[in-house]
Amino acid sequence: MKILVVGSGAREHAICWKLKQSSKLSKLYCAPGNAGISQIAECIEIKVDKLKEIVEFSVDSKIDLVVVGPEIPLVAGLVDMLNEKGIKAFGPVKSGAKFEGSKSYSKDFMKKHSIPSARYEVYTDSEKAIGDLEKFNIPLVVKADGLAAGKGVIICETRKEAEEAIKSIMDKKQFGDAGNTVVIEEFLRGTEASLLCFVDGKNIIPMESARDYKKAYDGDKGLNTGGMGCFSPNTIFNVELNQYIKKNILDRTLKGFLAEGINFKGVLFIGLIIKNNQAKVLEYNTRFGDPETEVVLPRLKSDLIDIMLKCIEGNLSEDDLHWEDDNCVTLVLASGGYPENYEKGKEITGLNKVDDDIIIFHGGTKLYGNKTVTDGGRVLAVTAMGNTLEEARNKVYKNIPKIYFEKMQYRTDIAKF
Ligand code: AMP
Ligand code: GLY
């Protein structure tokens, strides 16, 4: 099969790496890809939001399957456009991607189908939102409704802060039209977990669990990022919690999809907050997570192409998913200053010096002549498997001093308890 992967992060590198292991693959393309991906796939210079160009390339190159990594093309309807041309694509159509594209839509869906989540209100008028702040306990959470590159969620410790957040999102349009509507919700306490699921329209089948570290610095200090490290399996899950999640979250979500005629196919990534062995949904994403994918796919023994085709055909079963018992840890090496301002174009050295059992997934990197240079905030995801979490973690950290780029920044406490 000829496959095109859309995206340029460490998530897409992990997807390409896993697809490459399949005997069904004949040719792998990635648009636009990065320096690491270019070692295993042919990179095509098309940005992820250039939907028409992606479709044209897929038609001209007779692509059999397009795998869409990031949310922007999904929410914009890339899968619908590909399907119209008769091209198979892995990822939800626009009506499914709306679960990530609109937080108010997701919250209304959860309420309607009794899926446990934070109490909330939706506002389209900033004065009304500010006037209602008294109704919420402090801290509270203000969220821009639409896509805001993970930055549209503001946790407010005072009502004054909440008022400023509402004004900056709704009146000053800090996130553009994504802030025409806001969701205000109660602050939930507990431990976060990421549950990625394969969905084939009729079944929601969880992958192995993962734990992401969202804050920039050790001890969960600093700003929210896309994710600074991750491990799998997530030790917080147990039989009782899994049963709770199946009954109250997965089954109800599926029932809701069926009741509303939503033909969801692809990955549903459920962000959970866990307390007392019960879980509430923080959000739905409609794609693989980054860095979750970098720790989940190395543990997948089954053929990823088979799974993706079964999702598209609507006949995936739990028996199709086989997992390694090993633990997996990934550490993100970021550009100094990330998630705020950072410089690009720093030469990366030492990539060939790491131990043989280390997998380096590239995020923001590109080739500059024969050098590999930084080209984004999250630069590399350094990954290892181990019999225990500690073994995997030690393998990763032991190799970090071999890798260098100017102002390299990373957490030292991933998978450490
Ligand atoms: P979201 O994009 O909705 O997952 O929000 C991003 C991050 O903000 C989450 O991963 C949480 O760390 C935090 N967050 C969002 N909603 C809440 C909430 N209701 N209570 C506590 N933390 C939240
Ligand atoms: N790691 C969180 C995300 O992919 O949204």
# chains A, B, ... in the order shown; residues from 1 in each chain; ligands from 1

call {"tool": "select_by_dssp", "arguments": {"residues": "range 14-248 of chain A", "states": "alpha helix (DSSP H)", "output": "MDAnalysis selection string"}}
result
chainID A and resid 14:19 51:60 71:76 78:84 94:101 103:112 126:131 159:166 239:245

call {"tool": "residues_around", "arguments": {"residues": "range 374-385 of chain A", "least_positions_apart": "2", "cutoff": "8 Å", "atoms": "only C-alpha atoms", "output": "PyMOL selection string"}}
result
chain A and resi 10+228-229+291+294-295+298+326-335+338-339+342+344-348+357-366+372+387+391-393+395-396+405

call {"tool": "write_last_selection", "arguments": {"atoms": "C-alpha atoms", "output": "PDB file, in the first residue's frame"}}
result
ATOM      1  CA  ALA A  10       7.176  13.395  16.924  1.00  0.00           C
ATOM      2  CA  MET A 228       7.018  17.349  27.985  1.00  0.00           C
ATOM      3  CA  GLY A 229       7.201  13.603  28.523  1.00  0.00           C
ATOM      4  CA  PRO A 291       3.721  12.594  23.237  1.00  0.00           C
ATOM      5  CA  GLU A 294       5.504   7.960  21.227  1.00  0.00           C
ATOM      6  CA  VAL A 295       4.969   5.621  24.220  1.00  0.00           C
ATOM      7  CA  PRO A 298       6.200   1.179  20.539  1.00  0.00           C
ATOM      8  CA  ASP A 326       7.106  -3.717  28.657  1.00  0.00           C
ATOM      9  CA  ASN A 327       6.925  -0.165  29.948  1.00  0.00           C
ATOM     10  CA  CYS A 328       7.775   2.742  27.690  1.00  0.00           C
ATOM     11  CA  VAL A 329       9.038   6.224  28.597  1.00  0.00           C
ATOM     12  CA  THR A 330       9.576   9.246  26.370  1.00  0.00           C
ATOM     13  CA  LEU A 331      11.268  12.521  27.269  1.00  0.00           C
ATOM     14  CA  VAL A 332      10.767  15.657  25.204  1.00  0.00           C
ATOM     15  CA  LEU A 333      13.826  17.802  24.525  1.00  0.00           C
ATOM     16  CA  ALA A 334      12.515  21.311  23.896  1.00  0.00           C
ATOM     17  CA  SER A 335      13.964  24.597  22.679  1.00  0.00           C
ATOM     18  CA  TYR A 338       9.278  26.908  25.008  1.00  0.00           C
ATOM     19  CA  PRO A 339       6.228  27.197  25.264  1.00  0.00           C
ATOM     20  CA  TYR A 342      12.340  30.335  21.477  1.00  0.00           C
ATOM     21  CA  LYS A 344      15.132  27.905  15.842  1.00  0.00           C
ATOM     22  CA  GLY A 345      17.995  26.740  13.638  1.00  0.00           C
ATOM     23  CA  LYS A 346      20.280  25.363  16.390  1.00  0.00           C
ATOM     24  CA  GLU A 347      22.449  22.466  15.265  1.00  0.00           C
ATOM     25  CA  ILE A 348      21.613  19.163  16.961  1.00  0.00           C
ATOM     26  CA  ASP A 357      17.764   0.475  22.158  1.00  0.00           C
ATOM     27  CA  ILE A 358      16.905   4.196  22.207  1.00  0.00           C
ATOM     28  CA  ILE A 359      14.343   5.438  19.695  1.00  0.00           C
ATOM     29  CA  ILE A 360      14.538   9.128  18.862  1.00  0.00           C
ATOM     30  CA  PHE A 361      11.326  10.513  17.404  1.00  0.00           C
ATOM     31  CA  HIS A 362      11.880  13.902  15.795  1.00  0.00           C
ATOM     32  CA  GLY A 363       9.436  16.767  16.355  1.00  0.00           C
ATOM     33  CA  GLY A 364      10.574  20.258  15.357  1.00  0.00           C
ATOM     34  CA  THR A 365      13.674  19.412  13.314  1.00  0.00           C
ATOM     35  CA  LYS A 366      14.785  20.007   9.747  1.00  0.00           C
ATOM     36  CA  THR A 372      20.016  18.517  11.557  1.00  0.00           C
ATOM     37  CA  ASN A 387      10.856  -4.363  31.913  1.00  0.00           C
ATOM     38  CA  GLU A 391      14.453   0.668  33.707  1.00  0.00           C
ATOM     39  CA  ALA A 392      12.895   2.498  30.755  1.00  0.00           C
ATOM     40  CA  ARG A 393      13.319   5.838  32.494  1.00  0.00           C
ATOM     41  CA  LYS A 395      17.757   4.180  29.760  1.00  0.00           C
ATOM     42  CA  VAL A 396      16.319   7.475  28.514  1.00  0.00           C
ATOM     43  CA  PHE A 405      21.691  21.698  20.984  1.00  0.00           C
TER      44      PHE A 405
END

call {"tool": "closest_residue", "arguments": {"among": "A:Arg299, A:Tyr404, A:Ser8, A:Val373", "to": "Gly350 in chain A", "atoms": "only C-alpha atoms"}}
result
A:Tyr404

call {"tool": "residues_around", "arguments": {"residues": "Ala165 in chain A", "least_positions_apart": "5", "cutoff": "12 Å", "atoms": "only C-alpha atoms", "output": "PyMOL selection string"}}
result
chain A and resi 126+129-130+133+140-144+151-160+170-175+179+182-184

call {"tool": "write_last_selection", "arguments": {"atoms": "N, CA and C atoms", "output": "PDB file, in the first residue's frame"}}
result
ATOM      1  N   SER A 126     -19.636  38.470  26.336  1.00  0.00           N
ATOM      2  CA  SER A 126     -18.658  38.589  27.418  1.00  0.00           C
ATOM      3  C   SER A 126     -19.272  39.223  28.669  1.00  0.00           C
ATOM      4  N   ALA A 129     -21.122  36.606  30.510  1.00  0.00           N
ATOM      5  CA  ALA A 129     -20.177  35.665  31.135  1.00  0.00           C
ATOM      6  C   ALA A 129     -19.604  36.274  32.412  1.00  0.00           C
ATOM      7  N   ILE A 130     -19.188  37.551  32.346  1.00  0.00           N
ATOM      8  CA  ILE A 130     -18.595  38.214  33.521  1.00  0.00           C
ATOM      9  C   ILE A 130     -19.644  38.352  34.626  1.00  0.00           C
ATOM     10  N   LEU A 133     -20.064  35.209  36.800  1.00  0.00           N
ATOM     11  CA  LEU A 133     -18.905  34.599  37.475  1.00  0.00           C
ATOM     12  C   LEU A 133     -19.189  34.240  38.928  1.00  0.00           C
ATOM     13  N   LEU A 140     -11.736  28.557  38.965  1.00  0.00           N
ATOM     14  CA  LEU A 140     -12.623  28.139  37.880  1.00  0.00           C
ATOM     15  C   LEU A 140     -11.811  28.142  36.587  1.00  0.00           C
ATOM     16  N   VAL A 141     -12.395  27.570  35.541  1.00  0.00           N
ATOM     17  CA  VAL A 141     -11.652  27.411  34.292  1.00  0.00           C
ATOM     18  C   VAL A 141     -12.399  28.100  33.150  1.00  0.00           C
ATOM     19  N   VAL A 142     -11.689  28.969  32.425  1.00  0.00           N
ATOM     20  CA  VAL A 142     -12.279  29.650  31.265  1.00  0.00           C
ATOM     21  C   VAL A 142     -11.637  29.043  30.016  1.00  0.00           C
ATOM     22  N   LYS A 143     -12.486  28.616  29.067  1.00  0.00           N
ATOM     23  CA  LYS A 143     -11.956  27.955  27.869  1.00  0.00           C
ATOM     24  C   LYS A 143     -12.494  28.599  26.597  1.00  0.00           C
ATOM     25  N   ALA A 144     -11.586  28.916  25.679  1.00  0.00           N
ATOM     26  CA  ALA A 144     -12.023  29.326  24.344  1.00  0.00           C
ATOM     27  C   ALA A 144     -12.658  28.105  23.688  1.00  0.00           C
ATOM     28  N   LYS A 151      -3.626  26.319  23.985  1.00  0.00           N
ATOM     29  CA  LYS A 151      -3.412  27.454  24.888  1.00  0.00           C
ATOM     30  C   LYS A 151      -4.716  28.112  25.341  1.00  0.00           C
ATOM     31  N   GLY A 152      -5.837  27.615  24.871  1.00  0.00           N
ATOM     32  CA  GLY A 152      -7.109  28.296  25.106  1.00  0.00           C
ATOM     33  C   GLY A 152      -7.783  27.980  26.429  1.00  0.00           C
ATOM     34  N   VAL A 153      -7.057  27.331  27.356  1.00  0.00           N
ATOM     35  CA  VAL A 153      -7.642  26.983  28.657  1.00  0.00           C
ATOM     36  C   VAL A 153      -6.951  27.802  29.739  1.00  0.00           C
ATOM     37  N   ILE A 154      -7.712  28.604  30.475  1.00  0.00           N
ATOM     38  CA  ILE A 154      -7.090  29.445  31.503  1.00  0.00           C
ATOM     39  C   ILE A 154      -7.697  29.110  32.860  1.00  0.00           C
ATOM     40  N   ILE A 155      -6.828  28.664  33.769  1.00  0.00           N
ATOM     41  CA  ILE A 155      -7.285  28.334  35.125  1.00  0.00           C
ATOM     42  C   ILE A 155      -7.174  29.605  35.955  1.00  0.00           C
ATOM     43  N   CYS A 156      -8.292  30.035  36.552  1.00  0.00           N
ATOM     44  CA  CYS A 156      -8.330  31.339  37.217  1.00  0.00           C
ATOM     45  C   CYS A 156      -8.502  31.159  38.720  1.00  0.00           C
ATOM     46  N   GLU A 157      -7.586  31.761  39.472  1.00  0.00           N
ATOM     47  CA  GLU A 157      -7.612  31.640  40.935  1.00  0.00           C
ATOM     48  C   GLU A 157      -8.531  32.680  41.567  1.00  0.00           C
ATOM     49  N   THR A 158      -8.818  33.762  40.833  1.00  0.00           N
ATOM     50  CA  THR A 158      -9.715  34.805  41.357  1.00  0.00           C
ATOM     51  C   THR A 158     -10.729  35.179  40.278  1.00  0.00           C
ATOM     52  N   ARG A 159     -11.841  35.832  40.708  1.00  0.00           N
ATOM     53  CA  ARG A 159     -12.848  36.253  39.718  1.00  0.00           C
ATOM     54  C   ARG A 159     -12.299  37.358  38.823  1.00  0.00           C
ATOM     55  N   LYS A 160     -11.386  38.173  39.399  1.00  0.00           N
ATOM     56  CA  LYS A 160     -10.751  39.237  38.612  1.00  0.00           C
ATOM     57  C   LYS A 160      -9.963  38.620  37.436  1.00  0.00           C
ATOM     58  N   MET A 170     -12.714  36.889  24.501  1.00  0.00           N
ATOM     59  CA  MET A 170     -13.931  37.233  23.738  1.00  0.00           C
ATOM     60  C   MET A 170     -13.861  38.611  23.102  1.00  0.00           C
ATOM     61  N   ASP A 171     -13.272  39.577  23.815  1.00  0.00           N
ATOM     62  CA  ASP A 171     -13.271  40.956  23.284  1.00  0.00           C
ATOM     63  C   ASP A 171     -11.988  41.247  22.501  1.00  0.00           C
ATOM     64  N   LYS A 172     -10.850  40.864  23.085  1.00  0.00           N
ATOM     65  CA  LYS A 172      -9.572  41.155  22.393  1.00  0.00           C
ATOM     66  C   LYS A 172      -9.214  40.064  21.393  1.00  0.00           C
ATOM     67  N   LYS A 173      -9.975  38.996  21.385  1.00  0.00           N
ATOM     68  CA  LYS A 173      -9.791  37.905  20.407  1.00  0.00           C
ATOM     69  C   LYS A 173      -8.367  37.344  20.410  1.00  0.00           C
ATOM     70  N   GLN A 174      -7.878  37.067  21.620  1.00  0.00           N
ATOM     71  CA  GLN A 174      -6.530  36.504  21.773  1.00  0.00           C
ATOM     72  C   GLN A 174      -6.317  35.252  20.916  1.00  0.00           C
ATOM     73  N   PHE A 175      -7.380  34.466  20.748  1.00  0.00           N
ATOM     74  CA  PHE A 175      -7.276  33.256  19.930  1.00  0.00           C
ATOM     75  C   PHE A 175      -8.148  33.357  18.679  1.00  0.00           C
ATOM     76  N   GLY A 179     -12.415  32.193  20.040  1.00  0.00           N
ATOM     77  CA  GLY A 179     -12.923  32.743  21.291  1.00  0.00           C
ATOM     78  C   GLY A 179     -14.254  33.472  21.159  1.00  0.00           C
ATOM     79  N   VAL A 182     -17.205  31.100  24.799  1.00  0.00           N
ATOM     80  CA  VAL A 182     -16.364  30.516  25.852  1.00  0.00           C
ATOM     81  C   VAL A 182     -17.177  29.524  26.682  1.00  0.00           C
ATOM     82  N   VAL A 183     -16.452  28.577  27.265  1.00  0.00           N
ATOM     83  CA  VAL A 183     -17.037  27.660  28.244  1.00  0.00           C
ATOM     84  C   VAL A 183     -16.410  28.032  29.579  1.00  0.00           C
ATOM     85  N   ILE A 184     -17.240  28.209  30.597  1.00  0.00           N
ATOM     86  CA  ILE A 184     -16.705  28.382  31.954  1.00  0.00           C
ATOM     87  C   ILE A 184     -17.071  27.125  32.731  1.00  0.00           C
TER      88      ILE A 184
END

call {"tool": "residues_near_ligand", "arguments": {"ligand": "ligand 1", "cutoff": "10 Å", "atoms": "only C-alpha atoms and all ligand atoms", "output": "count of residues only"}}
result
52

call {"tool": "closest_residue", "arguments": {"among": "A:Asp177, A:Asp306, A:Glu161, A:Asp132", "to": "Leu19 in chain A", "atoms": "only C-alpha atoms"}}
result
A:Asp306

call {"tool": "closest_residue", "arguments": {"among": "A:Leu268, A:Met1, A:Leu367, A:Leu258", "to": "Ser38 in chain A", "atoms": "only C-alpha atoms"}}
result
A:Leu367

call {"tool": "atom_distance", "arguments": {"atom1": "CA of Cys197 in chain A", "atom2": "CA of Arg411 in chain A"}}
result
27.3 Å

call {"tool": "residues_around", "arguments": {"residues": "Asp290 in chain A", "least_positions_apart": "2", "cutoff": "7 Å", "atoms": "only C-alpha atoms", "output": "list in words"}}
result
Arg11, Gly227, Phe288, Glu292 and Thr293 of chain A

call {"tool": "write_last_selection", "arguments": {"atoms": "all heavy atoms", "output": "mmCIF file, in the first residue's frame"}}
result
data_model
loop_
_atom_site.group_PDB
_atom_site.id
_atom_site.type_symbol
_atom_site.label_atom_id
_atom_site.label_comp_id
_atom_site.auth_asym_id
_atom_site.auth_seq_id
_atom_site.Cartn_x
_atom_site.Cartn_y
_atom_site.Cartn_z
ATOM 1 N N ARG A 11 4.822 12.795 17.029
ATOM 2 C CA ARG A 11 3.677 11.868 16.879
ATOM 3 C C ARG A 11 3.679 11.258 15.476
ATOM 4 O O ARG A 11 3.558 10.041 15.318
ATOM 5 C CB ARG A 11 2.377 12.659 17.104
ATOM 6 C CG ARG A 11 1.128 11.950 16.593
ATOM 7 C CD ARG A 11 -0.115 12.814 16.764
ATOM 8 N NE ARG A 11 0.039 14.139 16.191
ATOM 9 C CZ ARG A 11 -0.639 15.211 16.585
ATOM 10 N NH1 ARG A 11 -1.527 15.130 17.552
ATOM 11 N NH2 ARG A 11 -0.453 16.375 15.994
ATOM 12 N N GLY A 227 3.064 18.911 25.987
ATOM 13 C CA GLY A 227 3.431 17.670 26.684
ATOM 14 C C GLY A 227 4.943 17.537 26.679
ATOM 15 O O GLY A 227 5.576 17.645 25.628
ATOM 16 N N PHE A 288 -4.471 11.072 17.540
ATOM 17 C CA PHE A 288 -3.450 10.566 18.447
ATOM 18 C C PHE A 288 -2.886 11.726 19.277
ATOM 19 O O PHE A 288 -2.785 12.851 18.779
ATOM 20 C CB PHE A 288 -2.283 9.982 17.648
ATOM 21 C CG PHE A 288 -2.501 8.589 17.116
ATOM 22 C CD1 PHE A 288 -2.729 8.373 15.768
ATOM 23 C CD2 PHE A 288 -2.429 7.490 17.964
ATOM 24 C CE1 PHE A 288 -2.885 7.084 15.266
ATOM 25 C CE2 PHE A 288 -2.583 6.201 17.465
ATOM 26 C CZ PHE A 288 -2.816 5.999 16.121
ATOM 27 N N GLU A 292 1.812 11.087 23.773
ATOM 28 C CA GLU A 292 1.255 9.765 24.110
ATOM 29 C C GLU A 292 1.603 8.712 23.051
ATOM 30 O O GLU A 292 1.939 7.563 23.375
ATOM 31 C CB GLU A 292 -0.275 9.853 24.248
ATOM 32 C CG GLU A 292 -0.769 10.524 25.518
ATOM 33 C CD GLU A 292 -0.822 12.041 25.427
ATOM 34 O OE1 GLU A 292 -0.271 12.618 24.469
ATOM 35 O OE2 GLU A 292 -1.419 12.663 26.329
ATOM 36 N N THR A 293 1.505 9.110 21.777
ATOM 37 C CA THR A 293 1.745 8.170 20.676
ATOM 38 C C THR A 293 3.156 7.581 20.729
ATOM 39 O O THR A 293 3.370 6.414 20.382
ATOM 40 C CB THR A 293 1.541 8.912 19.343
ATOM 41 O OG1 THR A 293 0.262 9.539 19.422
ATOM 42 C CG2 THR A 293 1.565 7.985 18.153
#

call {"tool": "atom_distance", "arguments": {"atom1": "CA of Ala35 in chain A", "atom2": "CA of Glu12 in chain A"}}
result
12.0 Å

call {"tool": "residues_around", "arguments": {"residues": "Asp218 in chain A", "least_positions_apart": "6", "cutoff": "9 Å", "atoms": "only C-alpha atoms", "output": "CSV table (one decimal) with C-alpha atoms, in the first residue's frame"}}
result
chain,number,residue,atom,x,y,z
A,410,TYR,CA,13.8,19.2,29.5
A,411,ARG,CA,12.2,17.9,32.6
A,412,THR,CA,14.2,15.6,34.9
A,413,ASP,CA,11.2,14.1,36.6
A,414,ILE,CA,9.4,12.2,33.9

call {"tool": "residues_around", "arguments": {"residues": "Gly337 in chain A", "least_positions_apart": "5", "cutoff": "10 Å", "atoms": "only C-alpha atoms", "output": "list in words"}}
result
Ala216, Tyr342, Glu343, Gly377, Lys407, Met408 and Gln409 of chain A

call {"tool": "residues_around", "arguments": {"residues": "Ile205 in chain A", "least_positions_apart": "2", "cutoff": "10 Å", "atoms": "only C-alpha atoms", "output": "PyMOL selection string"}}
result
chain A and resi 196-200+202-203+207-208+246+250+267-268+316-318+320-321

call {"tool": "select_by_dssp", "arguments": {"residues": "range 84-132 of chain A", "states": "strand (DSSP E or B)", "output": "VMD selection string"}}
result
chain A and resid 88 to 90 117 120 to 123

call {"tool": "atom_distance", "arguments": {"atom1": "CA of Tyr397 in chain A", "atom2": "CA of Ala415 in chain A"}}
result
10.8 Å

call {"tool": "closest_residue", "arguments": {"among": "A:Ile166, A:Ile312, A:Ile37, A:Ile245", "to": "Asn83 in chain A", "atoms": "only C-alpha atoms"}}
result
A:Ile312
